[in-house]
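*Asks:* Before I ask anything, here is the structure I am working with.
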Amino acid sequence: AFYYNGCDAEPIGITQTQVFPDPYANFTVPDSACVGAELIIENNSTFQCNDTVTGALFPSFAVNEPSFSYDFGDCTFYESQLNTNNYNQEDYNDTTHTYNSPGIYYVQLSAVNFCNENIFEDTVIIFPSPNVSFYANSAVCLYDTTSFTTNVFASASTTDTLSCGLVIDVPAGDTTFSYQWSMDEGTDGNYVNGTNTNSPNPYFVFNSCGDHNVSLTITDGNNCITTFDTIITIWQLPNALFSAPSVCEGTRTCINDASSFNTIDTCYGAPITN
């Protein structure tokens, strides 16, 4: 308050008032990721200001009653727990989240104190993984060539309706692909016809019969990865064998066929037909 003496205004009393700051919500998150990637959401929010009288942080944790809540844009929510130590250092825990379906998601962070609420939003693009499958020619015998044919393509852009009824846009996948086959050159066999472990449709000669678990890993231009695997069976060669008794010239000879195929282990043999 001031007293006016006719010439000047003179203060006749001083009082202090407390003005509480609004919360400030803020975070950083990667712009994009692939389905299944764990995203780290870095919380950069603040609740306090410096007291203009003492210079200390103001107000206290007990008075301000701070809290956080996240809306990840995929019908899931999370409330972050604060403690006095976090609050006094204005250093709040990061949060992780995994999106299991592709889409464009709007992430929202709400910072609340006893006075007000402040909301910050950002967008995360979750790209679809490439679609991958392959098949091989059937009934391949040991030392014959197995030819692999792939079916690799990117998903088109679309929309998706989530479990809570929210409709989101879904981005297209990338159409640049790199190939990695699991067959190890020189150990499992050999690539032939000018192909190798990075060929889209390789030719391979296995050096052993039986079941072989073969996988193809595709990485697209968004660094999204899909692996497809299946069992390739390589048939064992038949064992050609016969016997014949010793006879005199001009006498008929009885030739006994003793050929066989494997029936006792996983190195399969096919029934002899000819």
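Convention: chains lettered A, B, ... in structure tokens order; per-chain residue numbering from 1; ligands numbered from 1 as shown.
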From stretch 14-248 of chain A, collect each residue whose DSSP state is alpha helix (DSSP H) and return the set as a PyMOL selection string.
*Replies:* chain A and resi 61-64+84-89
*Asks:* Go through stretch 25-256 of chain A and collect every residue that DSSP, computed from the backbone, puts in strand (DSSP E); the answer should be as a ChimeraX atom specification.
*Replies:* /A:27-28,32-34,38-43,49-50,57-58,67-71,77-80,95-98,103-112,117-127,131-136,140-141,146-153,158-161,167-170,177-181,189-192,203-206,210-220,225-235,242-243,256
*Asks:* Residues within 10 Å of stretch 174-186 of chain A, please, as a ChimeraX atom specification. Count only C-alpha atoms; anything in the same chain fewer than 2 positions from it doesn't count.
*Replies:* /A:127-130,152-156,171-172,188-191,196-202,204-207,212-225,227-229
*Asks:* Please list as a list in words every residue within 8 Å of A:Val29, counting only C-alpha atoms and excluding residues in the same chain fewer than 4 positions away.
*Replies:*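 Close residues of A:Val29: Leu39, Ile40, Ile41, Glu42, Asp122 and Val124 of chain A.
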*Asks:* Any chance you can output those residues with all heavy atoms as a compact mmCIF listing (two decimals), in the first residue's frame?
*Replies:*
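Printed below is selection37.txt as written:
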# COMPACT_ATOMS: atom_id res chain seq x y z
N LEU A 39 10.03 -48.21 -27.64
CA LEU A 39 10.33 -46.78 -27.74
C LEU A 39 10.59 -46.21 -26.35
O LEU A 39 9.89 -46.53 -25.39
CB LEU A 39 9.17 -46.03 -28.38
CG LEU A 39 8.78 -46.43 -29.80
CD1 LEU A 39 7.66 -45.54 -30.30
CD2 LEU A 39 9.98 -46.33 -30.74
N ILE A 40 11.60 -45.36 -26.27
CA ILE A 40 11.88 -44.63 -25.03
C ILE A 40 11.32 -43.22 -25.15
O ILE A 40 11.67 -42.48 -26.07
CB ILE A 40 13.39 -44.58 -24.74
CG1 ILE A 40 13.94 -45.99 -24.55
CG2 ILE A 40 13.67 -43.73 -23.50
CD1 ILE A 40 15.45 -46.04 -24.35
N ILE A 41 10.41 -42.88 -24.25
CA ILE A 41 9.81 -41.54 -24.22
C ILE A 41 10.49 -40.77 -23.09
O ILE A 41 10.32 -41.09 -21.91
CB ILE A 41 8.29 -41.63 -24.00
CG1 ILE A 41 7.66 -42.49 -25.10
CG2 ILE A 41 7.67 -40.25 -23.98
CD1 ILE A 41 6.18 -42.77 -24.89
N GLU A 42 11.25 -39.77 -23.47
CA GLU A 42 12.04 -39.01 -22.49
C GLU A 42 11.22 -37.83 -21.97
O GLU A 42 10.84 -36.93 -22.71
CB GLU A 42 13.32 -38.50 -23.15
CG GLU A 42 14.26 -37.77 -22.19
CD GLU A 42 15.53 -37.31 -22.86
OE1 GLU A 42 15.78 -37.70 -24.01
OE2 GLU A 42 16.29 -36.54 -22.22
N ASP A 122 2.72 -35.40 -29.44
CA ASP A 122 3.64 -35.63 -30.55
C ASP A 122 3.17 -36.88 -31.30
O ASP A 122 2.34 -37.65 -30.80
CB ASP A 122 5.08 -35.80 -30.05
CG ASP A 122 6.11 -35.51 -31.14
OD1 ASP A 122 5.70 -35.25 -32.30
OD2 ASP A 122 7.31 -35.55 -30.84
N VAL A 124 4.04 -40.45 -33.50
CA VAL A 124 4.98 -41.54 -33.75
C VAL A 124 4.45 -42.37 -34.92
O VAL A 124 3.28 -42.77 -34.92
CB VAL A 124 5.15 -42.45 -32.52
CG1 VAL A 124 6.06 -43.62 -32.85
CG2 VAL A 124 5.70 -41.66 -31.35
*Asks:* Which of these, A:Thr263, A:Ser45, A:Thr76, A:Thr150, has the shortest distance to A:Tyr106 once you count only C-alpha atoms?
*Replies:*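 Using only C-alpha atoms, A:Tyr106 sits closest to A:Thr76.
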*Asks:* Calculate how many Å separate atom CA of A:Cys34 from atom CA of A:Glu79, rounding to one decimal.
*Replies:*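 Result for atom CA of A:Cys34 versus atom CA of A:Glu79: 24.6 Å, one decimal.
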*Asks:* For A:Gly165, work out the shell of residues within 12 Å, counting only C-alpha atoms and skipping chain neighbours fewer than 6 positions away, then give it as a list in words.
*Replies:*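 So the residues in contact are Gly73, Asp74 and Cys75 of chain A.
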*Asks:* So which residues touch A:Ser80 within 9 Å, counting only C-alpha atoms, skipping near sequence neighbours fewer than 5 positions away, as a list in words?
*Replies:*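 In the requested format, the answer is Ser67, Phe68, Ser69, Tyr70, Asn93 and Thr95 of chain A.
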*Asks:* Restricting the output to C-alpha atoms, write the selected residues as a compact mmCIF listing (two decimals), in the first residue's frame.
*Replies:*
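Here's the written file again_11.txt:
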# COMPACT_ATOMS: atom_id res chain seq x y z
CA SER A 67 1.33 -36.07 -11.44
CA PHE A 68 1.80 -37.36 -14.99
CA SER A 69 -0.39 -39.45 -17.26
CA TYR A 70 0.28 -40.78 -20.76
CA ASN A 93 11.63 -41.04 -15.20
CA THR A 95 8.75 -44.23 -20.06
*Asks:* Work out how far apart atom CA of A:Phe58 and atom CA of A:Cys115 are and give it in Å to one decimal.
*Replies:*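 Atom CA of A:Phe58 sits 13.5 Å away from atom CA of A:Cys115.
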*Asks:* Atom CA of A:Cys49 to atom CA of A:Tyr24: how many Å, to one decimal?
*Replies:*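 Those two atoms sit 10.7 Å apart.
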*Asks:* Each residue of stretch 155-255 of chain A with at least one atom at most 9 Å from stretch 138-145 of chain A should appear once, together with its nearest atom pair and the corresponding distance in Å (one decimal); atoms considered: only C-alpha atoms; ordering: chain, then increasing residue number; output as a tab-separated table.
*Replies:*
residue	atom	partner	partner_atom	distance
A:Val192	CA	A:Thr145	CA	8.1
A:Tyr203	CA	A:Thr145	CA	6.4
A:Phe204	CA	A:Thr145	CA	5.6
A:Val205	CA	A:Thr145	CA	4.8
A:Phe206	CA	A:Tyr143	CA	6.4
A:Asn207	CA	A:Tyr143	CA	6.5
A:Ser208	CA	A:Leu142	CA	6.6
A:Cys209	CA	A:Leu142	CA	5.7
A:Gly210	CA	A:Leu142	CA	8.9
A:Ile232	CA	A:Ser138	CA	8.6
A:Thr233	CA	A:Val140	CA	7.3
A:Ile234	CA	A:Cys141	CA	5.4
A:Trp235	CA	A:Cys141	CA	4.5
A:Gln236	CA	A:Leu142	CA	5.6
A:Leu237	CA	A:Leu142	CA	6.2
*Asks:* Taking only C-alpha atoms into account, name the residue in A:Thr230, A:Gly250, A:Asp91, A:Thr273 that is nearest to A:Phe134.
*Replies:* A:Thr230
